[in-house]
Amino acid sequence: MEDVQIGPATIPLHINRVGVRGISMPMLVRRRGSDMPQHTVADVELGVDLPPTFKGTHMSRFVETIQRHAGIGLDYNVISKILEEMRDHLRAERSFASFGFKYFLDRKAPASGIVSTMHYACRLAGEAVPVSNRTPPWHVRHSMEVVVPVMTVCPCSKAISDVGAHTQRTEVRMTVQMSGWVWIEELIDIAESSGSSPVYTLLKREDEKFVTEHAFARPVFVEDVVRNVAAALSENPNISHFRVEVESAESIHAHNAFATIESC
């Protein structure tokens, strides 16, 4: 049968990335302090670059590649292997893979000790880029993104009010490039300790009292949170680059507030 994709492009332009997204695959994710991985479902995106010598890529080869790795442990070595296979099978110089998933942790309420499950949106990604004078002749950049909700109390509102202050749900989004292993739990801990208080799935009355009093004793601006997170990430020797964005869903304003810090 004729292979239409392998012919030259009508318009000879290089495509930076072409591929497939929206593939759902079962995956296993390593957990800190446990030999048993966590079962999850990943939303997968795969891509390669495409030179003008090819009219199109072979979409089925992306699916074939990820299918060979379905249900296995998701780590940096596996991602590197997937990137290598895509480069080879699709005759590309660059390849990209992204795995978005929910990560679940049991959290104890601060006063009652009752346990409930929190979930955090995570993404592991890798990109293979060509590098001369290397064996193999490419370099893989690994990154991880974790989104953590926290509670914040406005310092200005607290300072100028006779009673109370306005509070908000704040989202901490951390994207880090790694030179060594970084646990998802490490990033979650950093984010939760940088706001006024963590948030919980299940709280009893004694827990609500504790959380409220604890949070009001630690008022922070969105600027404080992003600086707290960035300072902690910069001290981690396994993180080579990071970007932190903190967004606050303001409770008394008709807009959100945000702050971003990216390392040099």
# chains A, B, ... in the order shown; residues from 1 in each chain; ligands from 1

call {"tool": "select_by_dssp", "arguments": {"residues": "range 24-241 of chain A", "states": "alpha helix (DSSP H)", "output": "number ranges by chain"}}
result
A: 59-67, 76-89, 155-160, 184-194, 205-216, 222-234

call {"tool": "closest_atom_pairs", "arguments": {"of": "range 78-137 of chain A", "to": "range 178-200 of chain A", "cutoff": "9 Å", "atoms": "only C-alpha atoms", "output": "JSON lines"}}
result
{"residue": "A:Tyr103", "atom": "CA", "partner": "A:Ile184", "partner_atom": "CA", "distance": 8.4}
{"residue": "A:Leu105", "atom": "CA", "partner": "A:Glu185", "partner_atom": "CA", "distance": 8.7}
{"residue": "A:Arg107", "atom": "CA", "partner": "A:Tyr200", "partner_atom": "CA", "distance": 7.3}
{"residue": "A:Lys108", "atom": "CA", "partner": "A:Tyr200", "partner_atom": "CA", "distance": 8.4}
{"residue": "A:Ala109", "atom": "CA", "partner": "A:Tyr200", "partner_atom": "CA", "distance": 7.1}
{"residue": "A:Ser116", "atom": "CA", "partner": "A:Tyr200", "partner_atom": "CA", "distance": 7.7}
{"residue": "A:Thr117", "atom": "CA", "partner": "A:Tyr200", "partner_atom": "CA", "distance": 8.3}
{"residue": "A:Met118", "atom": "CA", "partner": "A:Tyr200", "partner_atom": "CA", "distance": 6.9}
{"residue": "A:Tyr120", "atom": "CA", "partner": "A:Ile188", "partner_atom": "CA", "distance": 8.4}
{"residue": "A:Cys122", "atom": "CA", "partner": "A:Ile184", "partner_atom": "CA", "distance": 8.2}

call {"tool": "closest_atom_pairs", "arguments": {"of": "range 114-221 of chain A", "to": "range 78-83 of chain A", "cutoff": "9 Å", "atoms": "only C-alpha atoms", "output": "JSON lines"}}
result
{"residue": "A:Leu124", "atom": "CA", "partner": "A:Ile79", "partner_atom": "CA", "distance": 8.7}
{"residue": "A:Ala125", "atom": "CA", "partner": "A:Ile79", "partner_atom": "CA", "distance": 7.6}
{"residue": "A:Gly126", "atom": "CA", "partner": "A:Ile79", "partner_atom": "CA", "distance": 6.5}
{"residue": "A:Glu127", "atom": "CA", "partner": "A:Leu83", "partner_atom": "CA", "distance": 7.2}
{"residue": "A:Ala128", "atom": "CA", "partner": "A:Leu83", "partner_atom": "CA", "distance": 6.3}
{"residue": "A:Val140", "atom": "CA", "partner": "A:Ser80", "partner_atom": "CA", "distance": 6.8}
{"residue": "A:His142", "atom": "CA", "partner": "A:Ile79", "partner_atom": "CA", "distance": 8.5}

call {"tool": "residues_around", "arguments": {"residues": "Leu203 in chain A", "least_positions_apart": "6", "cutoff": "10 Å", "atoms": "only C-alpha atoms", "output": "PyMOL selection string"}}
result
chain A and resi 108-116+209-211

call {"tool": "closest_residue", "arguments": {"among": "A:Glu213, A:Ser251, A:Asn16, A:Ser98", "to": "Gln168 in chain A", "atoms": "only C-alpha atoms"}}
result
A:Ser251

call {"tool": "closest_residue", "arguments": {"among": "A:Gly19, A:Pro219, A:Pro51, A:Gly71", "to": "Phe96 in chain A", "atoms": "only C-alpha atoms"}}
result
A:Gly19

call {"tool": "residues_around", "arguments": {"residues": "Ile15 in chain A", "least_positions_apart": "2", "cutoff": "12 Å", "atoms": "only C-alpha atoms", "output": "PyMOL selection string"}}
result
chain A and resi 9+11-13+17-19+47-57+92-94

call {"tool": "write_last_selection", "arguments": {"atoms": "N, CA, C and O atoms", "output": "JSON list (two decimals), in the first residue's frame"}}
result
[["chain", "number", "residue", "atom", "x", "y", "z"],
["A", 9, "ALA", "N", 6.68, 17.37, 1.74],
["A", 9, "ALA", "CA", 5.58, 18.28, 2.02],
["A", 9, "ALA", "C", 5.34, 19.22, 0.85],
["A", 9, "ALA", "O", 6.28, 19.64, 0.16],
["A", 11, "ILE", "N", 4.20, 22.30, 1.12],
["A", 11, "ILE", "CA", 4.81, 23.54, 1.61],
["A", 11, "ILE", "C", 6.00, 23.12, 2.48],
["A", 11, "ILE", "O", 5.83, 22.54, 3.54],
["A", 12, "PRO", "N", 7.22, 23.39, 2.06],
["A", 12, "PRO", "CA", 8.41, 22.85, 2.74],
["A", 12, "PRO", "C", 8.77, 23.59, 4.03],
["A", 12, "PRO", "O", 9.77, 24.30, 4.11],
["A", 13, "LEU", "N", 7.93, 23.41, 5.04],
["A", 13, "LEU", "CA", 8.18, 24.02, 6.34],
["A", 13, "LEU", "C", 8.39, 22.94, 7.40],
["A", 13, "LEU", "O", 7.70, 21.92, 7.40],
["A", 17, "ARG", "N", 6.43, 20.31, 16.34],
["A", 17, "ARG", "CA", 5.91, 19.17, 17.09],
["A", 17, "ARG", "C", 4.61, 18.70, 16.45],
["A", 17, "ARG", "O", 3.70, 19.50, 16.20],
["A", 18, "VAL", "N", 4.52, 17.41, 16.20],
["A", 18, "VAL", "CA", 3.31, 16.79, 15.67],
["A", 18, "VAL", "C", 3.15, 15.46, 16.38],
["A", 18, "VAL", "O", 4.13, 14.78, 16.69],
["A", 19, "GLY", "N", 1.91, 15.09, 16.69],
["A", 19, "GLY", "CA", 1.74, 13.84, 17.41],
["A", 19, "GLY", "C", 0.30, 13.60, 17.80],
["A", 19, "GLY", "O", -0.63, 14.03, 17.12],
["A", 47, "GLY", "N", 4.83, 13.37, 20.91],
["A", 47, "GLY", "CA", 5.10, 14.15, 19.71],
["A", 47, "GLY", "C", 6.54, 14.06, 19.26],
["A", 47, "GLY", "O", 7.43, 13.68, 20.03],
["A", 48, "VAL", "N", 6.76, 14.40, 18.00],
["A", 48, "VAL", "CA", 8.10, 14.50, 17.42],
["A", 48, "VAL", "C", 8.13, 15.72, 16.51],
["A", 48, "VAL", "O", 7.09, 16.30, 16.18],
["A", 49, "ASP", "N", 9.34, 16.10, 16.09],
["A", 49, "ASP", "CA", 9.43, 17.14, 15.07],
["A", 49, "ASP", "C", 9.33, 16.48, 13.70],
["A", 49, "ASP", "O", 9.50, 15.26, 13.56],
["A", 50, "LEU", "N", 9.02, 17.27, 12.69],
["A", 50, "LEU", "CA", 8.83, 16.71, 11.35],
["A", 50, "LEU", "C", 9.48, 17.63, 10.32],
["A", 50, "LEU", "O", 9.07, 18.78, 10.17],
["A", 51, "PRO", "N", 10.48, 17.14, 9.59],
["A", 51, "PRO", "CA", 11.14, 17.96, 8.58],
["A", 51, "PRO", "C", 10.27, 18.08, 7.33],
["A", 51, "PRO", "O", 9.35, 17.28, 7.12],
["A", 52, "PRO", "N", 10.56, 19.04, 6.47],
["A", 52, "PRO", "CA", 9.76, 19.21, 5.26],
["A", 52, "PRO", "C", 9.93, 18.08, 4.25],
["A", 52, "PRO", "O", 9.18, 18.02, 3.27],
["A", 53, "THR", "N", 10.91, 17.20, 4.48],
["A", 53, "THR", "CA", 11.07, 16.04, 3.58],
["A", 53, "THR", "C", 9.96, 15.02, 3.77],
["A", 53, "THR", "O", 9.80, 14.12, 2.94],
["A", 54, "PHE", "N", 9.19, 15.13, 4.88],
["A", 54, "PHE", "CA", 8.06, 14.24, 5.11],
["A", 54, "PHE", "C", 6.76, 15.03, 5.07],
["A", 54, "PHE", "O", 6.65, 16.10, 5.67],
["A", 55, "LYS", "N", 5.77, 14.49, 4.35],
["A", 55, "LYS", "CA", 4.47, 15.14, 4.28],
["A", 55, "LYS", "C", 3.72, 15.04, 5.61],
["A", 55, "LYS", "O", 3.03, 15.96, 6.03],
["A", 56, "GLY", "N", 3.87, 13.90, 6.26],
["A", 56, "GLY", "CA", 3.17, 13.68, 7.52],
["A", 56, "GLY", "C", 3.88, 12.65, 8.37],
["A", 56, "GLY", "O", 4.78, 11.93, 7.90],
["A", 57, "THR", "N", 3.50, 12.56, 9.63],
["A", 57, "THR", "CA", 4.04, 11.55, 10.52],
["A", 57, "THR", "C", 3.15, 10.32, 10.49],
["A", 57, "THR", "O", 2.07, 10.34, 9.89],
["A", 92, "ALA", "N", 12.89, 10.89, 13.67],
["A", 92, "ALA", "CA", 12.84, 12.28, 14.11],
["A", 92, "ALA", "C", 14.14, 12.67, 14.80],
["A", 92, "ALA", "O", 14.91, 11.82, 15.24],
["A", 93, "GLU", "N", 14.37, 13.97, 14.91],
["A", 93, "GLU", "CA", 15.50, 14.48, 15.69],
["A", 93, "GLU", "C", 15.10, 14.75, 17.13],
["A", 93, "GLU", "O", 15.91, 14.61, 18.05],
["A", 94, "ARG", "N", 13.87, 15.17, 17.33],
["A", 94, "ARG", "CA", 13.37, 15.50, 18.66],
["A", 94, "ARG", "C", 12.12, 14.69, 18.96],
["A", 94, "ARG", "O", 11.32, 14.42, 18.05]]

call {"tool": "closest_residue", "arguments": {"among": "A:Arg243, A:Arg205, A:Arg87, A:His166", "to": "Val147 in chain A", "atoms": "only C-alpha atoms"}}
result
A:Arg243

call {"tool": "closest_residue", "arguments": {"among": "A:Ser34, A:Ser60, A:Asn238, A:Ser161", "to": "His89 in chain A", "atoms": "only C-alpha atoms"}}
result
A:Ser60

call {"tool": "closest_residue", "arguments": {"among": "A:Gln177, A:Ser157, A:Ser24, A:Thr201", "to": "Ser234 in chain A", "atoms": "only C-alpha atoms"}}
result
A:Gln177

call {"tool": "select_by_dssp", "arguments": {"residues": "range 84-247 of chain A", "states": "strand (DSSP E)", "output": "number ranges by chain"}}
result
A: 95-108, 115-130, 138-153, 167-178, 197-198, 239-247

call {"tool": "closest_residue", "arguments": {"among": "A:Ala70, A:Ala230, A:Val176, A:Val63", "to": "Pro26 in chain A", "atoms": "only C-alpha atoms"}}
result
A:Ala70

call {"tool": "residues_around", "arguments": {"residues": "Thr260 in chain A", "least_positions_apart": "5", "cutoff": "12 Å", "atoms": "only C-alpha atoms", "output": "ChimeraX atom specification"}}
result
/A:171-175,222-230,242-248

call {"tool": "residues_around", "arguments": {"residues": "Phe216 in chain A", "least_positions_apart": "4", "cutoff": "9 Å", "atoms": "only C-alpha atoms", "output": "PyMOL selection string"}}
result
chain A and resi 152-155+158+164-165+167+196-197+211-212

call {"tool": "write_last_selection", "arguments": {"atoms": "N, CA, C and O atoms", "output": "PDB file, in the first residue's frame"}}
result
ATOM      1  N   THR A 152      -4.995  30.696  52.001  1.00  0.00           N
ATOM      2  CA  THR A 152      -4.251  31.891  52.377  1.00  0.00           C
ATOM      3  C   THR A 152      -5.168  32.892  53.059  1.00  0.00           C
ATOM      4  O   THR A 152      -6.351  33.007  52.730  1.00  0.00           O
ATOM      5  N   VAL A 153      -4.608  33.618  54.017  1.00  0.00           N
ATOM      6  CA  VAL A 153      -5.284  34.710  54.717  1.00  0.00           C
ATOM      7  C   VAL A 153      -4.589  36.006  54.331  1.00  0.00           C
ATOM      8  O   VAL A 153      -3.355  36.087  54.370  1.00  0.00           O
ATOM      9  N   CYS A 154      -5.350  37.013  53.952  1.00  0.00           N
ATOM     10  CA  CYS A 154      -4.774  38.269  53.475  1.00  0.00           C
ATOM     11  C   CYS A 154      -4.186  39.080  54.643  1.00  0.00           C
ATOM     12  O   CYS A 154      -4.920  39.460  55.567  1.00  0.00           O
ATOM     13  N   PRO A 155      -2.889  39.371  54.633  1.00  0.00           N
ATOM     14  CA  PRO A 155      -2.294  40.167  55.710  1.00  0.00           C
ATOM     15  C   PRO A 155      -2.850  41.582  55.786  1.00  0.00           C
ATOM     16  O   PRO A 155      -3.020  42.130  56.880  1.00  0.00           O
ATOM     17  N   LYS A 158      -6.324  41.518  57.376  1.00  0.00           N
ATOM     18  CA  LYS A 158      -6.227  41.255  58.811  1.00  0.00           C
ATOM     19  C   LYS A 158      -5.739  42.496  59.566  1.00  0.00           C
ATOM     20  O   LYS A 158      -6.216  42.805  60.662  1.00  0.00           O
ATOM     21  N   GLY A 164     -11.691  39.708  61.994  1.00  0.00           N
ATOM     22  CA  GLY A 164     -11.559  38.821  60.844  1.00  0.00           C
ATOM     23  C   GLY A 164     -10.661  39.345  59.741  1.00  0.00           C
ATOM     24  O   GLY A 164      -9.997  40.381  59.868  1.00  0.00           O
ATOM     25  N   ALA A 165     -10.671  38.611  58.635  1.00  0.00           N
ATOM     26  CA  ALA A 165      -9.920  38.939  57.423  1.00  0.00           C
ATOM     27  C   ALA A 165     -10.437  38.046  56.312  1.00  0.00           C
ATOM     28  O   ALA A 165     -11.047  37.003  56.583  1.00  0.00           O
ATOM     29  N   THR A 167     -10.200  35.351  53.325  1.00  0.00           N
ATOM     30  CA  THR A 167      -9.368  34.190  53.007  1.00  0.00           C
ATOM     31  C   THR A 167      -9.694  33.718  51.597  1.00  0.00           C
ATOM     32  O   THR A 167     -10.718  34.099  51.022  1.00  0.00           O
ATOM     33  N   SER A 196      -0.907  29.806  54.171  1.00  0.00           N
ATOM     34  CA  SER A 196      -1.369  29.978  55.544  1.00  0.00           C
ATOM     35  C   SER A 196      -1.727  28.640  56.173  1.00  0.00           C
ATOM     36  O   SER A 196      -1.532  28.431  57.371  1.00  0.00           O
ATOM     37  N   SER A 197      -2.247  27.710  55.350  1.00  0.00           N
ATOM     38  CA  SER A 197      -2.614  26.387  55.841  1.00  0.00           C
ATOM     39  C   SER A 197      -2.796  25.448  54.667  1.00  0.00           C
ATOM     40  O   SER A 197      -3.188  25.877  53.577  1.00  0.00           O
ATOM     41  N   VAL A 211      -7.479  24.633  62.010  1.00  0.00           N
ATOM     42  CA  VAL A 211      -7.068  25.178  60.717  1.00  0.00           C
ATOM     43  C   VAL A 211      -7.291  26.685  60.677  1.00  0.00           C
ATOM     44  O   VAL A 211      -6.427  27.448  60.211  1.00  0.00           O
ATOM     45  N   THR A 212      -8.445  27.139  61.161  1.00  0.00           N
ATOM     46  CA  THR A 212      -8.745  28.570  61.135  1.00  0.00           C
ATOM     47  C   THR A 212      -7.748  29.358  61.972  1.00  0.00           C
ATOM     48  O   THR A 212      -7.190  30.368  61.523  1.00  0.00           O
TER      49      THR A 212
END
